[in-house]
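Read through the structure below, which is laid out as structure tokens, and then see the notes.
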Amino acid sequence: MFNLVKTAGLMAAITALFVVVGGMIGGKAGMMLALLLALGANFFSYWFSDTLVLKMYNAQEVDETSAPQFYRLVRDLAQRAGLPMPRVYLINEDAPNAFATGRNPEHAAVAATTGILRMLSERELRGVMGHELAHVKHRDILTSTICATMAGAIGSLATMAMWFGGRDEDGRPANPLAGILVALLAPIAASLIQMAISRAREFEADRGGAEISGDPEALASALAKIHRAAQGLPFDTAEAHPETAQMMIMNPLSGGGLAGLFATHPPTDERIERLMGMPRRA
């Protein structure tokens with residue numbers, strides 16, 4: 001519940017930031033133009049991103065004939081979660097990872113690398129796929145699309161300010177120094193909020209995945225294994241398309257220190273600690 005409230009608060013914050021920045025930089029007209037541009041781009045992303053990302057990773061759809069054990073595992077978890085059966089994909093990649101995509105539970109897909117199937121026990125794999133189905137159940141693709149819309153609109157306003165200068169709500173030129181500062185700082189602030197929302201959603205997916213699989217310890221064990229393996233196994237497709245890293249159960253591009261502020265995933269140790277504090281269910 002805390003993470004749901006946190007997500008709602010952060011989404012309100014990024015919306016408020018957009019309104020303030022829009023008013024300072026573009027006035028009402030500029031603010032609406034930036035929002036429309038961002039909505040258009042993210043409308044396309046919302047409807048077609050699943051197809052694009054699966055092609056990007058050369059994911060191959062499997063069924064009960066081609067991957068019987070994995071397919072049945074996902075089917076059992078989907079039934080436990082009360083979800084329609086998603087499309088199931090495998091990615092021929094040694095790096096251990098998995099993700100979910102799709103605009104809603106009725107049009108969802110889950111994908112896992114062949115590396116994660118080799119590395120994890122069946123218990124651990126159930127925890128991982130439970131996590132991905134929790135993303136589907138919580139409609140996190142919609143949440144991330146809304147966040148991307150607002151962050152993209154703020155970025156568009158900042159670009160407008162850099163090229164044309166700021167405008168007040170009546171369309172008059174604004175203080176140029178203030179406009180430059182807002183143009184530089186607003187996209188950073190929007191990114192920080194967007195990443196904080198992503199981290200909150202990962203915590204919630206961990207909790208939901210543990211409930212779906214009934215085995216939080218197995219998911220914690222899986223996260224520890226994936227984290228260790230990911231340090232020495234490059235994920236070339238993710239490196240080439242860093243915008244997709246936030247979809248993974250473990251960010252293949254994560255960093256420490258100041259970079260942690262922009263991390264899409266919480267620290268693995270903290271995720272494991274929270275999971276180990278949950279009761280196991282049958």
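In the structure tokens, the first chain shown is A, the next is B, and so on; residue numbers restart at 1 for each chain, and ligands run from 1 in the order shown.
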Return as a compact mmCIF listing (two decimals) with N, CA and C atoms, in the first residue's frame the full set of residues in region 65-128 of chain A whose backbone-based DSSP assignment is strand (DSSP E or B).
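Listing of result-v4.txt after writing:
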```
# COMPACT_ATOMS: atom_id res chain seq x y z
N ARG A 87 0.89 -13.96 -23.88
CA ARG A 87 1.79 -14.57 -24.85
C ARG A 87 3.14 -14.78 -24.16
N VAL A 88 3.82 -15.85 -24.52
CA VAL A 88 5.06 -16.23 -23.85
C VAL A 88 6.19 -16.25 -24.87
N TYR A 89 7.32 -15.61 -24.51
CA TYR A 89 8.43 -15.50 -25.44
C TYR A 89 9.74 -15.91 -24.76
N LEU A 90 10.65 -16.41 -25.57
CA LEU A 90 12.02 -16.69 -25.14
C LEU A 90 12.99 -15.85 -25.97
N ILE A 91 14.05 -15.38 -25.29
CA ILE A 91 15.10 -14.60 -25.94
C ILE A 91 16.40 -15.39 -25.84
N ALA A 98 14.33 -10.91 -17.52
CA ALA A 98 12.96 -11.16 -17.96
C ALA A 98 12.20 -9.85 -17.93
N PHE A 99 11.14 -9.75 -18.71
CA PHE A 99 10.30 -8.55 -18.67
C PHE A 99 8.89 -8.88 -19.11
N ALA A 100 8.00 -7.95 -18.83
CA ALA A 100 6.60 -8.03 -19.28
C ALA A 100 6.30 -6.79 -20.11
N THR A 101 5.41 -6.93 -21.06
CA THR A 101 4.99 -5.79 -21.86
C THR A 101 3.54 -6.01 -22.29
N GLY A 102 2.99 -5.02 -22.96
CA GLY A 102 1.58 -5.10 -23.37
C GLY A 102 0.76 -4.02 -22.70
N ALA A 108 -1.18 -8.83 -23.09
CA ALA A 108 0.11 -8.85 -22.40
C ALA A 108 1.02 -9.93 -22.97
N ALA A 109 2.30 -9.73 -22.74
CA ALA A 109 3.31 -10.73 -23.11
C ALA A 109 4.38 -10.74 -22.03
N VAL A 110 4.93 -11.92 -21.78
CA VAL A 110 6.07 -12.04 -20.86
C VAL A 110 7.20 -12.71 -21.63
N ALA A 111 8.41 -12.28 -21.33
CA ALA A 111 9.58 -12.81 -22.04
C ALA A 111 10.68 -13.08 -21.03
N ALA A 112 11.44 -14.13 -21.29
CA ALA A 112 12.58 -14.48 -20.45
C ALA A 112 13.74 -14.90 -21.34
N THR A 113 14.95 -14.65 -20.88
CA THR A 113 16.11 -15.09 -21.64
C THR A 113 16.37 -16.58 -21.38
```
What are the DSSP alpha helix (DSSP H) residues of region 51-84 of chain A, as a PDB file with C-alpha atoms, in the first residue's frame?
```pdb
ATOM      1  CA  THR A  51       5.614  -5.496 -30.753  1.00  0.00           C
ATOM      2  CA  LEU A  52       8.605  -3.203 -31.173  1.00  0.00           C
ATOM      3  CA  VAL A  53      10.495  -4.321 -28.078  1.00  0.00           C
ATOM      4  CA  LEU A  54       9.901  -8.028 -28.736  1.00  0.00           C
ATOM      5  CA  LYS A  55      11.280  -7.607 -32.269  1.00  0.00           C
ATOM      6  CA  MET A  56      14.172  -5.557 -30.898  1.00  0.00           C
ATOM      7  CA  PRO A  68       6.223 -27.080 -22.340  1.00  0.00           C
ATOM      8  CA  GLN A  69       7.695 -26.644 -18.864  1.00  0.00           C
ATOM      9  CA  PHE A  70       8.114 -22.871 -19.088  1.00  0.00           C
ATOM     10  CA  TYR A  71       4.734 -22.352 -20.762  1.00  0.00           C
ATOM     11  CA  ARG A  72       2.904 -24.414 -18.140  1.00  0.00           C
ATOM     12  CA  LEU A  73       4.690 -22.533 -15.359  1.00  0.00           C
ATOM     13  CA  VAL A  74       3.473 -19.189 -16.734  1.00  0.00           C
ATOM     14  CA  ARG A  75      -0.034 -20.563 -17.261  1.00  0.00           C
ATOM     15  CA  ASP A  76      -0.244 -21.785 -13.674  1.00  0.00           C
ATOM     16  CA  LEU A  77       0.913 -18.417 -12.327  1.00  0.00           C
ATOM     17  CA  ALA A  78      -1.518 -16.505 -14.553  1.00  0.00           C
ATOM     18  CA  GLN A  79      -4.367 -18.638 -13.209  1.00  0.00           C
ATOM     19  CA  ARG A  80      -3.228 -18.005  -9.629  1.00  0.00           C
ATOM     20  CA  ALA A  81      -3.149 -14.272 -10.364  1.00  0.00           C
TER      21      ALA A  81
END
```
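Here CA of Thr143 (chain A) and CA of Met276 (chain A) stand 26.9 Å from one another.
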TODO: May I ask which of the residues A:Ala238, A:Leu253, A:Ala218, A:Met195 is the closest one to Arg280 (chain A), counting only C-alpha atoms?
DONE: A:Ala218
Open item on the list: For Arg274 (chain A), find every residue with an atom within 9 Å (counting only C-alpha atoms), except residues of its own chain fewer than 6 positions away, and show them as a list in words.
Closed with: Phe203, Asp206, Arg207 and Ala220 of chain A
Could the residues in this selection be written to a file with C-alpha atoms, as a PDB file, in the first residue's frame?
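The result, stored in result.pdb:
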```pdb
ATOM      1  CA  PHE A 203       9.017  -2.900  -5.095  1.00  0.00           C
ATOM      2  CA  ASP A 206       8.253  -7.862  -6.017  1.00  0.00           C
ATOM      3  CA  ARG A 207       5.513  -7.942  -3.393  1.00  0.00           C
ATOM      4  CA  ALA A 220      14.736 -13.196  -3.245  1.00  0.00           C
TER       5      ALA A 220
END
```
Task: Atom pair CA of Lys225 (chain A) / CA of Gly115 (chain A): separation (Å) - done: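 CA of Gly115 (chain A) lies 11.6 Å from CA of Lys225 (chain A).
Taking CA of Gly82 (chain A) and CA of Asn58 (chain A) as endpoints, the distance between them is 28.8 Å.
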TODO: Determine, counting only C-alpha atoms, which protein, DNA and RNA residues have an atom within 9 Å of an atom of Asn104 (chain A); residues of the same chain fewer than 5 positions away are not included. Present the result as a ChimeraX atom specification.
DONE: /A:136-137,139-142
Could you turn the residues from that selection into a file that holds C-alpha atoms, as a short mmCIF file (atom, residue, chain, number, x, y, z; two decimals), in the first residue's frame?
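Printed below is again.cif as written:
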```
data_model
loop_
_atom_site.label_atom_id
_atom_site.label_comp_id
_atom_site.auth_asym_id
_atom_site.auth_seq_id
_atom_site.Cartn_x
_atom_site.Cartn_y
_atom_site.Cartn_z
CA VAL A 136 0.72 -6.91 -15.86
CA LYS A 137 -1.85 -7.07 -13.06
CA ARG A 139 -1.08 -2.14 -15.29
CA ASP A 140 2.41 -0.75 -14.89
CA ILE A 141 2.78 -0.21 -18.64
CA LEU A 142 0.00 2.38 -18.39
#
```
TODO: Write out as a ChimeraX atom specification each polymer residue whose atoms come within 12 Å of Gly277 (chain A), counting only C-alpha atoms; drop sequence neighbours fewer than 6 positions from it.
DONE: /A:207,210,215-217,220,270-271
Restricted to C-alpha atoms, what would the selected residues look like written as a short mmCIF file (atom, residue, chain, number, x, y, z; two decimals), in the first residue's frame?
```cif
data_model
loop_
_atom_site.label_atom_id
_atom_site.label_comp_id
_atom_site.auth_asym_id
_atom_site.auth_seq_id
_atom_site.Cartn_x
_atom_site.Cartn_y
_atom_site.Cartn_z
CA ARG A 207 5.51 -7.94 -3.39
CA ALA A 210 5.82 -13.11 -4.14
CA ASP A 215 7.24 -18.05 -2.29
CA PRO A 216 8.98 -14.72 -1.50
CA GLU A 217 12.21 -16.51 -0.51
CA ALA A 220 14.74 -13.20 -3.25
CA GLU A 270 16.85 -3.78 -0.27
CA ARG A 271 14.55 -5.78 -2.54
#
```
